[in-house]
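Next up, start-v1.tsv (TSV, C-alpha atoms):
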chain	number	residue	atom	x	y	z
A	625	MET	CA	98.36	93.34	109.23
A	626	PHE	CA	96.75	90.03	110.01
A	627	GLN	CA	93.24	88.70	109.64
A	628	THR	CA	90.98	90.05	112.40
A	629	ASN	CA	87.71	89.05	113.95
A	630	ARG	CA	85.45	92.11	114.18
A	631	ASN	CA	83.00	90.68	116.70
A	632	SER	CA	82.05	93.89	118.48
A	633	LYS	CA	81.51	97.48	117.43
A	634	THR	CA	84.29	99.06	119.49
A	635	GLY	CA	87.21	97.88	121.56
A	636	SER	CA	87.49	94.77	119.38
A	637	ALA	CA	90.46	92.45	119.64
A	638	THR	CA	91.87	89.35	117.99
A	639	ARG	CA	93.89	86.89	120.03
A	640	VAL	CA	96.18	84.37	118.34
A	641	GLU	CA	98.07	81.77	120.31
A	642	SER	CA	101.56	81.14	118.95
A	643	GLN	CA	104.49	78.92	119.87
A	644	LYS	CA	107.02	80.46	117.47
A	645	ALA	CA	109.02	81.70	120.45
A	646	LYS	CA	110.55	79.67	123.24
A	647	HIS	CA	107.40	79.94	125.36
A	648	LEU	CA	103.72	80.03	124.40
A	649	GLN	CA	102.92	83.56	123.28
A	650	THR	CA	99.77	85.56	122.65
A	651	LEU	CA	99.34	88.16	119.93
A	652	LEU	CA	96.54	90.59	120.76
A	653	LEU	CA	95.23	93.51	118.74
A	654	LYS	CA	93.44	96.17	120.76
A	655	VAL	CA	91.97	99.49	119.73
A	656	HIS	CA	90.71	102.62	121.44
A	657	TYR	CA	87.21	102.08	122.78
A	658	GLU	CA	85.79	104.63	120.33
A	659	ARG	CA	87.32	102.99	117.23
A	660	TYR	CA	86.84	99.84	115.19
A	661	VAL	CA	89.53	97.24	114.53
A	662	PRO	CA	91.36	97.97	111.22
A	663	PHE	CA	89.99	95.83	108.40
A	664	GLY	CA	89.83	95.41	104.62
A	665	GLN	CA	91.61	98.13	102.65
A	666	ASP	CA	92.93	99.75	105.84
A	667	ARG	CA	96.02	97.60	105.21
A	668	LEU	CA	96.84	99.83	102.22
A	669	ILE	CA	97.57	102.75	104.56
A	670	PRO	CA	100.72	101.30	106.22
A	671	ILE	CA	101.97	100.24	102.76
A	672	TRP	CA	101.58	103.75	101.36
A	673	VAL	CA	102.94	105.46	104.47
A	674	ALA	CA	105.98	103.15	104.51
A	675	THR	CA	106.63	104.01	100.85
A	676	LEU	CA	106.52	107.74	101.60
A	677	ALA	CA	108.77	107.36	104.65
A	678	LEU	CA	111.48	105.64	102.62
A	679	ARG	CA	111.20	108.19	99.81
A	680	GLN	CA	111.32	111.15	102.19
A	681	LYS	CA	113.89	109.44	104.44
A	682	SER	CA	112.11	110.50	107.59
A	683	ARG	CA	109.73	109.29	110.29
A	684	ASP	CA	107.71	112.45	109.69
A	685	ILE	CA	106.02	112.15	106.33
A	686	HIS	CA	104.21	114.99	104.60
A	687	PHE	CA	101.58	114.89	101.88
A	688	HIS	CA	99.18	117.48	100.50
A	689	SER	CA	95.91	115.57	100.14
A	690	ALA	CA	94.18	112.22	100.47
A	691	ALA	CA	93.91	112.20	96.68
A	692	GLN	CA	97.61	111.30	96.51
A	693	MET	CA	97.01	107.95	98.17
A	694	LEU	CA	93.86	107.30	96.14
A	695	ASP	CA	95.83	108.01	92.97
A	696	PHE	CA	98.69	105.78	94.13
A	697	PHE	CA	96.38	102.77	94.43
A	698	ARG	CA	94.07	103.89	91.58
A	699	LEU	CA	91.06	104.14	93.86
A	700	PRO	CA	88.07	106.34	92.98
A	701	LYS	CA	88.37	109.90	94.27
A	702	ASP	CA	84.82	110.21	95.53
A	703	GLY	CA	83.16	110.84	98.88
A	704	ARG	CA	82.85	107.18	99.82
A	705	TYR	CA	86.55	106.41	99.42
A	706	TYR	CA	87.57	109.73	100.94
A	707	ARG	CA	85.55	109.06	104.12
A	708	ARG	CA	86.84	105.49	104.20
A	709	LEU	CA	90.43	106.72	104.03
A	710	VAL	CA	89.99	109.23	106.87
A	711	LYS	CA	88.42	106.59	109.12
A	712	GLY	CA	91.12	104.11	108.13
A	713	PHE	CA	93.86	106.45	109.36
A	714	GLN	CA	91.98	106.81	112.64
A	715	ARG	CA	91.61	103.04	113.05
A	716	ILE	CA	95.30	102.42	112.32
A	717	PHE	CA	96.38	105.15	114.74
A	718	ALA	CA	94.15	103.81	117.53
A	719	SER	CA	95.44	100.23	117.21
A	720	THR	CA	98.13	98.63	119.32
A	721	ILE	CA	99.45	95.09	118.84
A	722	PHE	CA	100.52	93.29	122.01
A	723	PHE	CA	102.91	90.33	122.12
A	724	GLY	CA	103.49	88.44	125.32
A	725	THR	CA	103.55	85.35	127.43
A	726	GLU	CA	102.59	84.40	130.94
A	727	ASP	CA	104.06	80.92	130.80
A	728	HIS	CA	105.32	78.89	133.74
A	729	PRO	CA	108.68	77.42	132.67
A	730	SER	CA	110.46	75.34	135.30
A	731	GLY	CA	107.63	75.90	137.73
A	732	THR	CA	108.12	79.68	137.83
A	733	ARG	CA	105.88	82.32	136.31
A	734	LEU	CA	107.27	84.35	133.39
A	735	ILE	CA	105.69	87.64	132.29
A	736	ASP	CA	107.26	88.79	129.02
A	737	TRP	CA	105.31	91.50	127.17
A	738	ALA	CA	105.94	93.85	124.24
A	739	ARG	CA	103.74	96.11	122.13
A	740	PHE	CA	103.81	97.72	118.70
A	741	HIS	CA	101.94	100.54	116.98
A	742	PHE	CA	102.29	102.16	113.56
A	743	PHE	CA	101.97	105.90	114.21
A	744	ASP	CA	103.03	108.19	117.04
A	745	GLN	CA	101.10	111.19	115.76
A	746	ILE	CA	98.79	112.18	112.89
A	747	GLN	CA	97.78	115.65	111.74
A	748	LEU	CA	95.22	115.31	108.96
A	749	TRP	CA	93.15	118.07	107.43
A	750	PHE	CA	89.77	117.20	105.98
A	751	THR	CA	86.40	118.79	105.34
A	752	ASP	CA	82.79	117.73	105.78
A	753	ARG	CA	82.21	117.97	102.03
A	754	ASP	CA	83.68	114.53	101.33
A	755	GLU	CA	86.71	115.95	99.62
A	756	SER	CA	90.25	116.95	100.49
A	757	PRO	CA	90.69	120.64	101.40
A	758	SER	CA	92.63	122.86	99.05
A	759	LEU	CA	96.23	123.02	100.21
A	760	ALA	CA	97.60	125.35	97.58
A	761	ASP	CA	98.82	127.76	100.21
A	762	GLY	CA	100.90	125.04	101.87
A	763	GLU	CA	99.60	125.89	105.35
A	764	LEU	CA	97.51	122.75	105.85
A	765	CYS	CA	100.05	120.05	105.03
A	766	ASN	CA	99.15	116.61	106.40
A	767	VAL	CA	101.77	115.09	108.69
A	768	VAL	CA	102.07	111.51	109.96
A	769	THR	CA	104.81	110.55	112.41
A	770	LEU	CA	105.71	106.88	112.32
A	771	SER	CA	106.63	105.05	115.50
A	772	GLU	CA	110.35	104.42	115.92
A	773	ALA	CA	109.78	100.66	115.80
A	774	PHE	CA	107.80	100.81	112.54
A	775	TYR	CA	110.24	103.17	110.81
A	776	SER	CA	113.24	101.16	111.96
A	777	GLU	CA	111.69	97.95	110.64
A	778	ILE	CA	110.91	99.27	107.16
A	779	ASP	CA	114.22	101.12	106.91
A	780	GLN	CA	116.44	98.22	107.97
A	781	HIS	CA	114.48	95.48	106.19
A	782	ARG	CA	113.45	96.83	102.80
A	783	VAL	CA	111.34	94.20	101.06
A	784	PRO	CA	110.45	94.65	97.36
A	785	ILE	CA	106.69	94.71	96.84
A	786	GLU	CA	105.05	95.32	93.46
A	787	ARG	CA	102.53	98.15	93.56
A	788	GLU	CA	100.58	96.74	90.59
A	789	VAL	CA	99.99	93.50	92.47
A	790	VAL	CA	98.88	95.38	95.59
A	791	ILE	CA	96.41	97.32	93.44
A	792	ALA	CA	95.11	94.12	91.84
A	793	LEU	CA	94.63	92.42	95.23
A	794	ALA	CA	93.35	95.46	97.15
A	795	LYS	CA	89.83	94.04	97.37
A	796	SER	CA	91.09	90.61	98.46
A	797	PRO	CA	92.70	91.22	101.87
A	798	GLY	CA	93.48	87.56	102.56
A	799	VAL	CA	95.37	87.13	99.28
A	800	LEU	CA	97.11	90.48	99.70
A	801	ASP	CA	98.31	89.58	103.20
A	802	PHE	CA	99.58	86.23	101.91
A	803	TYR	CA	101.37	87.88	98.97
A	804	VAL	CA	103.12	90.41	101.24
A	805	TRP	CA	104.02	87.66	103.70
A	806	ILE	CA	105.55	85.48	100.96
A	807	ALA	CA	107.45	88.45	99.50
A	808	TRP	CA	108.88	89.24	102.94
A	809	LYS	CA	109.57	85.67	104.04
A	810	SER	CA	111.27	84.65	100.79
A	811	TRP	CA	113.33	87.86	100.63
A	812	VAL	CA	114.83	87.48	104.12
A	813	LEU	CA	115.23	83.70	103.83
A	814	ARG	CA	118.70	82.49	104.59
A	815	GLY	CA	119.60	79.37	102.71
A	816	SER	CA	118.20	77.75	99.60
A	817	ARG	CA	114.75	76.75	100.91
A	818	THR	CA	112.66	76.08	103.98
A	819	CYS	CA	109.51	74.13	104.87
A	820	ILE	CA	106.81	75.83	106.90
A	821	PRO	CA	104.17	73.51	108.40
A	822	LEU	CA	100.59	74.56	107.82
A	823	PHE	CA	98.94	73.32	110.99
A	824	SER	CA	101.48	72.57	113.72
A	825	PRO	CA	102.27	75.10	116.49
A	826	GLY	CA	104.12	78.07	115.03
A	827	GLY	CA	103.02	77.07	111.53
A	828	LEU	CA	101.45	79.02	108.69
A	829	ARG	CA	97.99	79.16	110.26
A	830	GLU	CA	99.37	80.93	113.34
A	831	GLN	CA	101.81	83.14	111.42
A	832	LEU	CA	99.00	84.49	109.25
A	833	GLY	CA	96.66	84.76	112.22
A	834	CYS	CA	93.80	83.37	110.12
A	835	ARG	CA	90.87	81.33	111.35
A	836	ILE	CA	89.30	80.20	108.10
A	837	HIS	CA	87.85	76.94	109.40
A	838	PRO	CA	88.68	74.52	112.22
A	839	GLU	CA	89.17	71.70	109.70
A	840	ASN	CA	92.58	71.58	108.05
A	841	ARG	CA	91.28	70.75	104.59
A	842	PHE	CA	89.53	74.11	104.26
A	843	LEU	CA	92.70	76.06	105.03
A	844	ARG	CA	94.69	73.86	102.64
A	845	ARG	CA	92.16	74.53	99.89
A	846	LYS	CA	92.26	78.28	100.56
A	847	ILE	CA	96.07	78.33	100.48
A	848	LYS	CA	96.01	76.57	97.09
A	849	GLN	CA	93.58	79.17	95.74
A	850	TRP	CA	95.65	82.05	97.09
A	851	LEU	CA	98.86	80.63	95.61
A	852	GLN	CA	97.18	80.30	92.24
A	853	VAL	CA	96.12	83.96	92.28
A	854	ILE	CA	99.55	85.15	93.45
A	855	ARG	CA	101.34	83.10	90.80
A	856	ALA	CA	99.14	84.68	88.12
A	857	HIS	CA	100.59	88.06	89.14
A	858	TRP	CA	104.04	86.82	90.17
A	859	PRO	CA	104.97	83.80	87.99
A	860	GLN	CA	108.30	83.37	89.82
A	861	CYS	CA	106.59	83.06	93.21
A	862	PRO	CA	108.95	80.80	95.21
A	863	ALA	CA	106.27	79.19	97.42
A	864	VAL	CA	104.54	75.87	96.69
A	865	LEU	CA	102.58	73.35	98.73
A	866	SER	CA	104.32	70.07	99.46
A	867	LYS	CA	102.95	66.92	97.82
A	868	ASP	CA	101.29	65.79	101.04
A	869	GLY	CA	99.72	69.23	101.56
A	870	GLU	CA	101.16	69.57	105.06
A	871	ASN	CA	103.90	72.13	104.41
A	872	LEU	CA	104.56	75.29	102.43
A	873	VAL	CA	107.92	74.88	100.70
A	874	MET	CA	109.62	78.23	100.08
A	875	ALA	CA	112.81	79.20	98.28
A	876	SER	CA	114.69	82.49	98.34
A	877	SER	CA	113.34	85.23	96.04
A	878	ARG	CA	116.63	87.14	95.83
A	879	SER	CA	117.04	86.07	92.20
A	880	SER	CA	113.40	86.80	91.28
A	881	PRO	CA	111.91	89.41	93.67
A	882	ALA	CA	108.24	90.31	93.68
A	883	LEU	CA	108.68	93.09	91.14
A	884	HIS	CA	107.38	91.49	87.97
A	885	PRO	CA	103.73	92.45	87.45
A	886	LEU	CA	101.76	90.49	84.88
A	887	GLN	CA	98.52	91.39	83.15
A	888	VAL	CA	96.10	88.65	84.16
A	889	SER	CA	92.83	87.67	82.59
A	890	ARG	CA	89.49	88.36	84.17
A	891	ASN	CA	89.20	84.66	84.98
A	892	SER	CA	91.83	85.04	87.72
A	893	ALA	CA	89.45	87.32	89.63
A	894	LYS	CA	87.18	84.34	90.25
A	895	LEU	CA	89.91	82.77	92.37
A	896	ARG	CA	90.07	85.67	94.81
A	897	GLU	CA	88.20	85.83	98.07
Starting from the file, give its structure as structure tokens.
Amino acid sequence: MFQTNRNSKTGSATRVESQKAKHLQTLLLKVHYERYVPFGQDRLIPIWVATLALRQKSRDIHFHSAAQMLDFFRLPKDGRYYRRLVKGFQRIFASTIFFGTEDHPSGTRLIDWARFHFFDQIQLWFTDRDESPSLADGELCNVVTLSEAFYSEIDQHRVPIEREVVIALAKSPGVLDFYVWIAWKSWVLRGSRTCIPLFSPGGLREQLGCRIHPENRFLRRKIKQWLQVIRAHWPQCPAVLSKDGENLVMASSRSSPALHPLQVSRNSAKLRE
């Protein structure tokens, strides 16, 4: 899940121009007109659902109560977080990510579109008392059906992510996104290392979909801060900024995957968003 601009109450969208492909492409996130764009800790939902899908070995995942997810991420089991979780599932379900281009290569018009969504169907039981209903009888089991594309992606490309780090960064969505991106990119990297430009077309700014500031120095400063926080939790993090600050140099993490949590001091929290 990338950084989004929540400029309107409903039907919000974030558009990111990208040249990673052969032709100029647009990435667009749209939601149902009655729902907000996913934001903040909503990104924990796909992580948890993907974990359950791999454990249960099925696109159709089953769980008894929202408390299971709150326990998994050590979130408070109170009315505020319960309501937030229910709305988060609704926002994720209502969101569709569009990829496409309408370029004009060789003087001809090319329309090349694709779309992606996380869930095909959700069946969630909840009450108006800000708590999960009792499911002791087994009749009200919650069911979430993942889209074929989402399930295929997580099943065929299993990337090690440390739950303790996700918990530590849950309130810092920018750092969490960057951590997950580094864990994925370094795990699937072929070869010893690669250099990813920060600002050029198809570079890190576009891949993260972030619009921190139009001036490059602000993004460079933020990337340094994020790397410092990530390295506090993952000392073997294989990503560093180049000496000129123009590229992110990344090595493969196959020998040191992101599965080594470290107890960090309270001072590291000051470096988060």
Check: Taking into account only C-alpha atoms, which residue in the set A:Arg787, A:Ala807, A:Val768, A:Pro662 is nearest to Arg855 (chain A)?
Finding: A:Ala807
Note to self: My list of candidates is A:Ala718, A:Leu694, A:Val812, A:Ala738. Which is closest to His781 (chain A) when distances are computed with all atoms listed in the file?
What the structure shows: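 So, comparing all the options, the nearest one is A:Val812.
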Check: In terms of the shortest atom-to-atom distance over all atoms listed in the file, which of A:Ala677, A:Ser816, A:Phe802, A:Leu748 is closest to Glu777 (chain A)?
Finding: A:Ala677
Check: Closest to Pro797 (chain A) among A:Leu699, A:Ile721, A:Leu678, A:Leu668, using only C-alpha atoms?
Finding: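 Smallest separation from Pro797 (chain A) among the options: A:Leu668.
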Check: Rounded to one decimal in Å, what is the spacing between CA of Leu822 (chain A) and CA of Ala882 (chain A)?
Finding: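 Value for the CA of Leu822 (chain A)-CA of Ala882 (chain A) distance: 22.5 Å.
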Item checked: Selection: 10 Å around Phe696 (chain A), all atoms listed in the file, excl. self and same-chain fewer than 5 positions, as number ranges by chain -> A: 672, 691, 787-788, 791
Next item on the list: Measure the distance from CA of Val804 (chain A) to CA of Glu870 (chain A) in Å and round it to one decimal.
Entry: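 Separation of CA of Val804 (chain A) and CA of Glu870 (chain A): 21.3 Å.
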Margin query: For a quick check of understanding, using all atoms listed in the file, which of A:Phe697, A:Tyr705, A:Pro670, A:Ile778 has the smallest distance to Phe743 (chain A)?
Written below: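 Answer, going by the shortest atom-to-atom distance: A:Pro670.
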Notebook entry, point to check: What is the distance, in Å and to one decimal place, between CA of Pro881 (chain A) and CA of Ile669 (chain A)?
Noted result: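 Between CA of Pro881 (chain A) and CA of Ile669 (chain A) the gap is 22.4 Å.
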Next item on the list: For each of A:Leu800, A:Leu851, A:Ile735, A:Leu883, take the minimum atom-to-atom distance to Val864 (chain A), counting only C-alpha atoms, then give the residue where this is smallest.
Entry: A:Leu851
Excluding same-chain residues fewer than 4 positions from Met874 (chain A), what lies within 9 Å of it counting all atoms listed in the file, as a short mmCIF file (atom, residue, chain, number, x, y, z; two decimals) with C-alpha atoms, in the frame of the given file?
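As written to disk, result_28.cif reads:
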data_model
loop_
_atom_site.label_atom_id
_atom_site.label_comp_id
_atom_site.auth_asym_id
_atom_site.auth_seq_id
_atom_site.Cartn_x
_atom_site.Cartn_y
_atom_site.Cartn_z
CA ILE A 806 105.55 85.48 100.96
CA LYS A 809 109.57 85.67 104.04
CA SER A 810 111.27 84.65 100.79
CA LEU A 813 115.23 83.70 103.83
CA SER A 816 118.20 77.75 99.60
CA ARG A 817 114.75 76.75 100.91
CA THR A 818 112.66 76.08 103.98
CA CYS A 819 109.51 74.13 104.87
CA ILE A 820 106.81 75.83 106.90
CA CYS A 861 106.59 83.06 93.21
CA PRO A 862 108.95 80.80 95.21
CA ALA A 863 106.27 79.19 97.42
CA VAL A 864 104.54 75.87 96.69
CA LEU A 865 102.58 73.35 98.73
#
With 4 Å added on each side, what axis-aligned box encloses every listed atom of region 736-740 of chain A? Give the centre and edge lengths in Å to one decimal, as AutoDock Vina command-line options.
--center_x 105.5 --center_y 93.3 --center_z 123.9 --size_x 11.5 --size_y 16.9 --size_z 18.3
Checklist line | region 708-714 of chain A environment, 12 Å, all atoms listed in the file, sequence neighbours closer than 5 positions dropped, as a VMD selection string | finding: chain A and resid 655 to 656 658 to 670 672 to 673 689 to 694 697 699 to 703 719 742 to 752 754 to 756 766 to 768
Please complete region 775-786 of chain A with N, CA, C and O atoms and give it back as a PDB file, keeping the file's coordinate frame.
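Result file follows (selection_26.pdb):
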ATOM      1  N   TYR A 775     109.291 102.581 111.754  1.00  0.00           N
ATOM      2  CA  TYR A 775     110.240 103.170 110.810  1.00  0.00           C
ATOM      3  C   TYR A 775     111.539 102.374 110.761  1.00  0.00           C
ATOM      4  O   TYR A 775     112.114 102.151 109.683  1.00  0.00           O
ATOM      5  N   SER A 776     112.007 101.945 111.913  1.00  0.00           N
ATOM      6  CA  SER A 776     113.240 101.160 111.960  1.00  0.00           C
ATOM      7  C   SER A 776     113.086  99.850 111.194  1.00  0.00           C
ATOM      8  O   SER A 776     113.998  99.423 110.471  1.00  0.00           O
ATOM      9  N   GLU A 777     111.927  99.232 111.325  1.00  0.00           N
ATOM     10  CA  GLU A 777     111.690  97.950 110.640  1.00  0.00           C
ATOM     11  C   GLU A 777     111.703  98.124 109.132  1.00  0.00           C
ATOM     12  O   GLU A 777     112.352  97.355 108.414  1.00  0.00           O
ATOM     13  N   ILE A 778     110.975  99.110 108.610  1.00  0.00           N
ATOM     14  CA  ILE A 778     110.910  99.270 107.160  1.00  0.00           C
ATOM     15  C   ILE A 778     112.203  99.826 106.588  1.00  0.00           C
ATOM     16  O   ILE A 778     112.517  99.592 105.408  1.00  0.00           O
ATOM     17  N   ASP A 779     112.969 100.561 107.396  1.00  0.00           N
ATOM     18  CA  ASP A 779     114.220 101.120 106.910  1.00  0.00           C
ATOM     19  C   ASP A 779     115.333 100.083 106.885  1.00  0.00           C
ATOM     20  O   ASP A 779     116.140 100.053 105.947  1.00  0.00           O
ATOM     21  N   GLN A 780     115.378  99.221 107.882  1.00  0.00           N
ATOM     22  CA  GLN A 780     116.440  98.220 107.970  1.00  0.00           C
ATOM     23  C   GLN A 780     116.134  96.954 107.182  1.00  0.00           C
ATOM     24  O   GLN A 780     117.042  96.210 106.832  1.00  0.00           O
ATOM     25  N   HIS A 781     114.859  96.693 106.922  1.00  0.00           N
ATOM     26  CA  HIS A 781     114.480  95.480 106.190  1.00  0.00           C
ATOM     27  C   HIS A 781     113.573  95.878 105.015  1.00  0.00           C
ATOM     28  O   HIS A 781     112.355  95.767 105.086  1.00  0.00           O
ATOM     29  N   ARG A 782     114.191  96.360 103.964  1.00  0.00           N
ATOM     30  CA  ARG A 782     113.450  96.830 102.800  1.00  0.00           C
ATOM     31  C   ARG A 782     113.106  95.643 101.901  1.00  0.00           C
ATOM     32  O   ARG A 782     113.986  95.023 101.303  1.00  0.00           O
ATOM     33  N   VAL A 783     111.820  95.355 101.824  1.00  0.00           N
ATOM     34  CA  VAL A 783     111.340  94.200 101.060  1.00  0.00           C
ATOM     35  C   VAL A 783     110.672  94.698  99.784  1.00  0.00           C
ATOM     36  O   VAL A 783     109.781  95.546  99.836  1.00  0.00           O
ATOM     37  N   PRO A 784     111.070  94.215  98.611  1.00  0.00           N
ATOM     38  CA  PRO A 784     110.450  94.650  97.360  1.00  0.00           C
ATOM     39  C   PRO A 784     109.025  94.129  97.211  1.00  0.00           C
ATOM     40  O   PRO A 784     108.782  92.928  97.269  1.00  0.00           O
ATOM     41  N   ILE A 785     108.096  95.051  97.048  1.00  0.00           N
ATOM     42  CA  ILE A 785     106.690  94.710  96.840  1.00  0.00           C
ATOM     43  C   ILE A 785     106.219  95.434  95.580  1.00  0.00           C
ATOM     44  O   ILE A 785     106.483  96.624  95.404  1.00  0.00           O
ATOM     45  N   GLU A 786     105.517  94.737  94.710  1.00  0.00           N
ATOM     46  CA  GLU A 786     105.050  95.320  93.460  1.00  0.00           C
ATOM     47  C   GLU A 786     103.730  96.053  93.660  1.00  0.00           C
ATOM     48  O   GLU A 786     102.738  95.455  94.073  1.00  0.00           O
TER      49      GLU A 786
END
